[in-house]
Amino acid sequence: MIPTIRQSPLFRWTYRAYVLAFFIYLALPLAVVCVFAFNDSLFPSLPWQGFTWDWFIGTERPRLGVFNERPIIRSIWTSAFVAVWVAVLSVAVGTTNAFLFVRHQFRFKNGLYVLMLLPLVIPGIILGISILVASNTLANTLEDATGMWFDSLRPGLPLVILGQFSFIATFATLVISARLEKFDRSLEEAALNLGATPLGAVWAITIPFLFPAIAGATVVAILMSFENFNTTLMLVGSDAPLTITMFDRLKEGSTPVLNAVSLLLMVASAALGLVSLLLQGRKD
Amino acid sequence: MAEAVNDLDCRDISKNFAAFKAVRDVSFSVPPGTFFSILGPSGCGKTTLLRMIAGFLEPTSGDLLIKGRSMLDVPPNKRPVSMVFQHLALFPMMNVAANIGFGLRRRGVAKAEISKRVEAVLERVGLPGAGPRGVDELSGGQKQRVAIARCMVLEPDVLLLDEPLGALDLKLREHMKIELKQLQWEFNTTFVYITHDQSEALVMSDQIAVMNHGVFEQVGTARDLYYNPETAFVAGFVGESNRFAGKVEEANGTALKVRTPGGFALSGTAAAGSLGVGDAVEVFVRPEAVRLSHAADGVAGQPNVSSGVVDSVLFNGANSRVLIRDAATGGEIDVALPQTGEFHSLKRDDTVHVGWDAGQTLCFAAAEQGR
Amino acid sequence: MAEAVNDLDCRDISKNFAAFKAVRDVSFSVPPGTFFSILGPSGCGKTTLLRMIAGFLEPTSGDLLIKGRSMLDVPPNKRPVSMVFQHLALFPMMNVAANIGFGLRRRGVAKAEISKRVEAVLERVGLPGAGPRGVDELSGGQKQRVAIARCMVLEPDVLLLDEPLGALDLKLREHMKIELKQLQWEFNTTFVYITHDQSEALVMSDQIAVMNHGVFEQVGTARDLYYNPETAFVAGFVGESNRFAGKVEEANGTALKVRTPGGFALSGTAAAGSLGVGDAVEVFVRPEAVRLSHAADGVAGQPNVSSGVVDSVLFNGANSRVLIRDAATGGEIDVALPQTGEFHSLKRDDTVHVGWDAGQTLCFAAAEQGR
Amino acid sequence: MNASGKRLTLILLMAPLFIWLVALIVIPHIEILYVSLREKVGVREYEFGLANYMVFFNEPLYWNTFMRTAVMSILATALTLLIGFPVSYYIAKLTRGRSKTILFLLCLIPFWVSELVRTYGWMILLRESGLVSGFLQYIGLASEPIEFLYNDAAIMVGLVYTSMLFMVVPLVTTLDSLDDSMIEAAYDLGGGGVSVWREIVIPHAMPGIVSGCIIVFMLSLGNYLTPILLGGKDSLWFTGLIYSQFITRFNWELGAAFGMLLLVLSSTIVWAGLKLSGQTLTRTMGR
Amino acid sequence: DTLRLLTWGGYAPENLIEKFEAETGHTVEVTLSNNEEMIAKLRATDGGGFDLAQPSQDRIAGAQAEFGIYKPIDLSKVDAALFIPSMLEATKGNTTYDGEVYGVPHVWGTSGLVVNTAAAPGVKDYVDLCSDDVAGKVSYRLKRPTLIGFAFSMGLDPFAAYNDEAAYKDILSKVEEKLISCKPNVKTYWTGGDEITNLLRSGEVVAAMAWDTGGWKLNAENADITFVAPTSGALGWIDTFALPKRGRADQAAYDWINFVMKPENAALVTESAGNFTASKGGDADVNAELKARYQKSFPQEAIDNIKWYPPVPAGLEALEGAVLDRVNAAN
Ligand SMILES: Nc1ncnc2c1ncn2[C@@H]1O[C@H](COP(=O)(O)OP(=O)(O)OP(=O)(O)O)[C@@H](O)[C@H]1O
Ligand SMILES: Nc1ncnc2c1ncn2[C@@H]1O[C@H](COP(=O)(O)OP(=O)(O)OP(=O)(O)O)[C@@H](O)[C@H]1O
Ligand SMILES: NCCCCNCCCN
Ligand SMILES: [Mg+2]
Ligand SMILES: [Mg+2]
């Protein structure tokens, strides 16, 4: 039960074995993806044909490595572009929301809070189709009225960014609110008392205090944006982010290039995760 | 001439939260260099009052002057007062020097000047060289001193302190009481100090205001409050007391005879206002005012006498007490255990006699209480 | 015959955490119906010891008997002891009645019987009818009582309490001290009570063990510890004391002459063990043992005399103190302010004379300290 | 701060929230509701009506898929809870300090890559020429390749795997906040393993359980990749139907109706779950 | 300019793009898709987001009627001389809507059977995929060509019923029944060209309904596997060039069309996609092996038997979609 209450050794060892099995279950698919990135074969499956770097640096079809696959490289940049925008928007709105919900009392606050939570329980596909349909209607209306073209309201990166932002902003709000909640208001008052202006106090004291949460929310937003599929699929235009490109490839049958991309993604995410941990560890 | 200007004047200051009156028409003045405490139970409005002085709350009515200048339209960051917060509110993202320098930076003081002044004030609070340390590396007492230094470096006219010792543990609190008084003496700044702990207020203050339900019940020195309380509330709140309820049976000037519902007859003194026969009164007697004796004639001369058995001996070194169950009424009397060896062997169920003076038996009109 | 069996016996009990010895060879016995306190500074091993008794930690060595039966192989849920946790550990998901009934339900007591017994115990702790209330609706003191009721309803042989008053505020703590003692008296159950607050231990206990660095320094009644400490640690930890370091200059049986580095000469008594000339000693004098006088001849008869100026008067009603700066050595002496009117007007910078008895000047070998 | 300044601050802070919620959540949902009520009567001709919903109710296929998706999602949620709870408990209560942090982070690492990659990993493992089949042949438990992919069990494996983080994190958080002394007190009062779980641990963990279950349920219900990639030839998923209405049938009207129905279904089940467990959305999700 | 091309796998090989970019200074971005997704995408973008799309000729007029996602082709900008005239005319005819032409032909080919003749010698027609000999080892797509193919091999004529909804429904319901009963035989419904190639190559599937080109590709690796024209007739398709309504780089699009239809470039496409093009003389440079395979799969009577898709009337797909969904869901 807890370490201070003795349990039979059999129970303890069974429990540990279970936990171990669980972590193997967690690790297995990823390990397999990584390992087969180096299989010297056209297929990411047994038998093992020997080690190769071809799937990273190969220059000839069919063994064209990731680094030489223009569409994949392009979609990585697309994903990064989307992720940065989504992170910036989500964190900005998340921060203002946090101040609003933690610091202010107003009518319908509770209702607005529930509304703010809703994107968590709306399936991604529905967010996707609803934004698609709504922007389509808006674009048609505007175009009929003005005779101009409103391309950014048609599927494409702006809509992808808005679609992902529509639910990632909720996560950012929760993460930043949680920290702001812990903020001791008297720190701000102390700053006022020591001669700071109200905005100056927020800037000098509150924002630095929120920094770990802001960094954390940024990382979460970037990771979620990179991996989002359901909402993005509905809103994507001619520029496809990485997951969409990979999905299109996967439908065509997989090659170890996909494993290689995945491995790179894992390394990047792990690095990002570590950075955010360090940032958070430093000031908590 | 300068002597005549008070550091702080509150004039009929009030604060309402919707219908609730947190502070009502409080007036007081604090002359320069005074250690002024506001003592009162939780929720009586102390913090509200302090926050009005600091500028975080706007008074509903009344005026507030610092060095004779009205502060009503001055925002908190422009008032010549500094505040030490209950949990100190040291900025965790800055080191000690940056914390102390914060206010100076806001005033645009030059960098070199700031570090000079910071070091000087650190020296004065007994923490020379602590500037580069992190706030979390300090002990409770050191944090306290940094919080005070952070205010004092700005040379405020008035330093406000909101229960700054509340978060410290017992031993450290005892120690800091003395140290705080010492620091005030050294800086010679006016302190306005809030607490609900009477021993803090008694030990440190030049003047104490006892606050209850938003009003000041009495303002005076520690001795005034302890020996000459003006209201039943002050008598009960400041120091320990035996408390009896009763009715006046005889009145002769301030000399009264009071009978409790249990039938116990007391000789007492009207402490405030005049009391007449039939008035309901509350009577207060300090445990240390009660004399204890093994034999009845040991207390024979006293105007109030009683005998009973020991209910329990609460040994606590120099502050030991005996609870005595009165034989006649069954009421309990709390008596300070004299430090003479005579009562060392006193134990439960021993019979003892007690007696006390009429002058130490303070009577207040009972109605005054219910507000 | 049954009288002879102790409720609790600890025999050479030890607990090591890796290389660190948290509790070392502690032995003690608690006769039935005793209020037994373990008093010691933070980290001395109190909780560790208590958790071994409750069964949440296995002793590294030694034995532990309850009512004469060894408990080593009995799991915590089968031991005839109950525990009141520091933060009470009331189950927030259950109401008061369900909390108290928890143990009875585990024992398979019938429903009707449970509610009868729960109501009975609630009555005994002064909370009749509180059963349906939520745990969060109770005040601090009421929670305390529910936590005790929850244990007492199981009629344990021994009730363990780990600083149960630690979380309460000052006034309530004072009140609960007395109430706890009262409850123990009523239930007539053995209490083993842990605290680092000496006044709690002194006021409530029949027996107190003073613990330091994992060992018991002294076990005795409150008076024993206060008046006859056996070690320097006990003398310093229990009650307030003036403390001097010095060297023995003359030794005559237990009568000693000690000189401090500041040059102050003291007549004292060796409190424990024998001390010889040249030994480094620590000397303890209680503030209330020091006599205060305006004139030098007021203290002329005393073996230890000194004069100085008042550094500060710490007025605190019956517990007022005066800090006196010794004219000769510059050291500070803490003196209890007598309750006689004589010193009412004492103030800073007044010159006063002090003196105290050699018997109240307890000397301990200084080496004993550093462990 | 004076009253008008306060009001201005409030308005400034409220603006982004309003723009976000109204433009990206409220209006789009009204819009799909509107589109779902457009009945197609001819080329570029629409009428207002419930025809799209009638299609759903009259075609057993859609109705069955709807139910199947709901049931499998609930099953996946239950499985995730069953598998995840002991592990969360282990991390929260049986490890300390560093090892706790490390185990917790280990739980997160799989989720640093996209769902697509995770699912892809399972495809490599489970396919006929995959590792599991190969391993079974290697140890002699199978004589020829076995297909583990393309069935409901594979979907379940994928769903549980993909959702695990969202169960473990809230569970670890709530269990972590359960003071050890509660469990000790329960033992001290004579409680044993089962009663302590039933009366102390589970009730305490309820907010975490509910929030984990809601998220896992929503993720499963709204999943698209896992059923598509791991599922067999007859494993339809309701989101799959919505996608195909939008993406391969370009029938937005029917797709929008399906979307509304999915929204109603998910809201109903979440609402029922909250009611049954006595929690509120604000408490469980708002943390 | 940047040419955003919405096309099929293999139609815009890297070497062709490089050559085009070097020659014209345009850059090319390729998005891979299929008929349904092309329409869906362009519907969602209202004909924006791409500058050139390549739907099959039968899927243009209906989509244009419904959604208006294309703009007419300015035939003056297309070099007609590069096209095989009969194909150009046929395509223009089938893609005319409201008097305007919306498509010109690019690649043509058929779908039929790809069979591992050693493992499944008995598979000659679509319905043979349902025989017990190949149980669990066949694959086809759940798309409209499958419905059409099975209908023909069941002796029905779906094309004849295109404009008779009742008759068409009747055909569909028969096909539906067949496909449901055939379902246990199916290993998986494939969705991408490379996927079915891999399945056949690994032996997990021995017979499939698929594009001719996949069969020929595999034949090069494994002589047992090849494309078989079904006895009821292969289904003939022509993929086209069509201009999305809001394409921004029309000039680049025309440049691309005129570029890839040059015989030497068309040969590159054939090499990469495996199918022949509508480029006049485009098969001249194609390697002999491919031609040989083509000829082996398509003796003259098989060519005569090819069923070319007529334009799909608007609305038909809704009926088919429901059938496909039911097949997919059936147990
Ligand atoms: N913003 C507010 N709105 C409404 N009532 C308030 C507000 N602030 C304080 N009060 C009420 O005013 C009364 C006085 O509060 P205040 O904080 O001044 O008490 P206090 O004397 O400082 O108590 P404590 O010793 O507990 O800090 C309390 O009853 C409190 O509930
Ligand atoms: N599980 C453990 N592992 C290692 N050291 C421990 C453990 N538990 C306690 N200790 C150490 O043993 C010593 C005694 O701890 P214990 O909790 O018994 O102190 P305590 O007297 O109860 O103190 P407090 O008054 O602060 O509660 C401390 O130094 C503590 O750090
Ligand atoms: N490898 C590319 C095959 C393209 C096939 N287009 C087929 C259209 C069938 N309707
Ligand atoms: Mg306060
Ligand atoms: Mg402890």
# chains A, B, ... in the order shown; residues from 1 in each chain; ligands from 1

$ select_by_dssp --residues "range 72-239 of chain A" --states "alpha helix (DSSP H)" --output "PyMOL selection string"
chain A and resi 72-103+109-117+124-146+157-182+185-193+198-201+207-227+230-235

$ interface_residues --of "chain A" --to "chain C" --cutoff "10 Å" --atoms "only C-alpha atoms" --output "list in words"
Ile2, Pro3, Thr4, Ile5, Arg6 and Gln7 of chain A

$ write_last_selection --atoms "N, CA and C atoms" --output "PDB file, in the first residue's frame"
ATOM      1  N   ILE A   2       1.559   1.490   1.099  1.00  0.00           N
ATOM      2  CA  ILE A   2       2.570   2.540   1.101  1.00  0.00           C
ATOM      3  C   ILE A   2       3.782   1.934   1.777  1.00  0.00           C
ATOM      4  N   PRO A   3       4.960   2.507   1.581  1.00  0.00           N
ATOM      5  CA  PRO A   3       6.167   1.831   2.047  1.00  0.00           C
ATOM      6  C   PRO A   3       6.132   1.521   3.543  1.00  0.00           C
ATOM      7  N   THR A   4       5.395   2.329   4.322  1.00  0.00           N
ATOM      8  CA  THR A   4       5.442   2.100   5.764  1.00  0.00           C
ATOM      9  C   THR A   4       4.534   0.964   6.192  1.00  0.00           C
ATOM     10  N   ILE A   5       3.773   0.422   5.266  1.00  0.00           N
ATOM     11  CA  ILE A   5       2.934  -0.705   5.648  1.00  0.00           C
ATOM     12  C   ILE A   5       3.433  -1.932   4.917  1.00  0.00           C
ATOM     13  N   ARG A   6       3.848  -2.896   5.668  1.00  0.00           N
ATOM     14  CA  ARG A   6       4.522  -4.054   5.078  1.00  0.00           C
ATOM     15  C   ARG A   6       3.572  -4.873   4.210  1.00  0.00           C
ATOM     16  N   GLN A   7       4.112  -5.385   3.119  1.00  0.00           N
ATOM     17  CA  GLN A   7       3.343  -6.262   2.244  1.00  0.00           C
ATOM     18  C   GLN A   7       4.157  -7.526   2.040  1.00  0.00           C
TER      19      GLN A   7
END

$ residues_around --residues "range 288-294 of chain E" --least-positions-apart "2" --cutoff "12 Å" --atoms "only C-alpha atoms" --output "VMD selection string"
chain E and resid 109 to 110 212 to 220 223 225 to 229 267 270 to 276 283 to 286 296 to 300 302 to 303

$ select_by_dssp --residues "range 58-104 of chain C" --states "strand (DSSP E or B)" --output "list of chain:residue names"
C:Ser61, C:Gly62, C:Asp63, C:Leu64, C:Leu65, C:Ile66, C:Arg69, C:Ser70, C:Val81, C:Ser82, C:Met83, C:Val84, C:Phe85, C:Leu88, C:Asn95

$ write_last_selection --atoms "N, CA and C atoms" --output "JSON list (two decimals), in the first residue's frame"
[["chain", "number", "residue", "atom", "x", "y", "z"],
["C", 61, "SER", "N", 16.57, -2.64, 16.11],
["C", 61, "SER", "CA", 16.80, -3.63, 17.16],
["C", 61, "SER", "C", 15.97, -3.24, 18.36],
["C", 62, "GLY", "N", 15.88, -4.14, 19.31],
["C", 62, "GLY", "CA", 15.11, -3.87, 20.52],
["C", 62, "GLY", "C", 13.73, -4.50, 20.44],
["C", 63, "ASP", "N", 13.03, -4.40, 21.56],
["C", 63, "ASP", "CA", 11.70, -4.99, 21.61],
["C", 63, "ASP", "C", 10.71, -3.96, 22.11],
["C", 64, "LEU", "N", 9.45, -4.25, 21.86],
["C", 64, "LEU", "CA", 8.39, -3.30, 22.12],
["C", 64, "LEU", "C", 7.20, -4.11, 22.60],
["C", 65, "LEU", "N", 6.76, -3.86, 23.84],
["C", 65, "LEU", "CA", 5.66, -4.65, 24.38],
["C", 65, "LEU", "C", 4.49, -3.76, 24.74],
["C", 66, "ILE", "N", 3.30, -4.25, 24.43],
["C", 66, "ILE", "CA", 2.10, -3.56, 24.89],
["C", 66, "ILE", "C", 1.34, -4.53, 25.77],
["C", 69, "ARG", "N", 2.86, -7.89, 25.86],
["C", 69, "ARG", "CA", 2.94, -8.75, 24.67],
["C", 69, "ARG", "C", 3.81, -8.05, 23.63],
["C", 70, "SER", "N", 4.78, -8.81, 23.06],
["C", 70, "SER", "CA", 5.65, -8.20, 22.07],
["C", 70, "SER", "C", 4.86, -7.88, 20.81],
["C", 81, "VAL", "N", -3.12, -0.14, 19.70],
["C", 81, "VAL", "CA", -2.81, 1.27, 19.92],
["C", 81, "VAL", "C", -3.53, 2.07, 18.85],
["C", 82, "SER", "N", -3.86, 3.30, 19.17],
["C", 82, "SER", "CA", -4.41, 4.17, 18.15],
["C", 82, "SER", "C", -3.57, 5.43, 18.12],
["C", 83, "MET", "N", -3.66, 6.12, 17.00],
["C", 83, "MET", "CA", -2.77, 7.25, 16.83],
["C", 83, "MET", "C", -3.55, 8.48, 16.37],
["C", 84, "VAL", "N", -3.24, 9.62, 16.99],
["C", 84, "VAL", "CA", -3.77, 10.90, 16.52],
["C", 84, "VAL", "C", -2.63, 11.56, 15.75],
["C", 85, "PHE", "N", -2.85, 11.76, 14.45],
["C", 85, "PHE", "CA", -1.77, 12.25, 13.61],
["C", 85, "PHE", "C", -1.60, 13.75, 13.74],
["C", 88, "LEU", "N", -3.97, 15.40, 11.99],
["C", 88, "LEU", "CA", -5.20, 14.72, 12.36],
["C", 88, "LEU", "C", -5.62, 13.60, 11.41],
["C", 95, "ASN", "N", -18.25, 11.94, 6.74],
["C", 95, "ASN", "CA", -18.67, 12.87, 7.77],
["C", 95, "ASN", "C", -18.13, 12.43, 9.13]]

$ residues_near_ligand --ligand "ligand 4" --cutoff "9 Å" --atoms "only C-alpha atoms and all ligand atoms" --output "PDB file with C-alpha atoms, in the first residue's frame"
ATOM      1  CA  SER B  42      -8.964  38.132  14.010  1.00  0.00           C
ATOM      2  CA  GLY B  43     -11.380  39.901  11.688  1.00  0.00           C
ATOM      3  CA  CYS B  44     -11.646  43.084  13.716  1.00  0.00           C
ATOM      4  CA  GLY B  45     -10.429  45.258  10.835  1.00  0.00           C
ATOM      5  CA  LYS B  46      -6.716  45.672  11.508  1.00  0.00           C
ATOM      6  CA  THR B  47      -5.547  44.715   8.045  1.00  0.00           C
ATOM      7  CA  THR B  48      -8.243  46.825   6.463  1.00  0.00           C
ATOM      8  CA  LEU B  50      -3.424  49.225   7.511  1.00  0.00           C
ATOM      9  CA  GLN B  86       2.497  39.200   6.789  1.00  0.00           C
ATOM     10  CA  ASP B 162       1.056  43.395   9.291  1.00  0.00           C
ATOM     11  CA  GLU B 163       1.613  40.545  11.746  1.00  0.00           C
ATOM     12  CA  ILE B 194      -0.560  44.976  13.686  1.00  0.00           C
ATOM     13  CA  THR B 195      -0.995  41.848  15.746  1.00  0.00           C
ATOM     14  CA  HIS B 196      -3.559  39.697  17.434  1.00  0.00           C
TER      15      HIS B 196
END

$ atom_distance --atom1 "CA of Val309 in chain C" --atom2 "CA of Glu179 in chain B"
18.5 Å
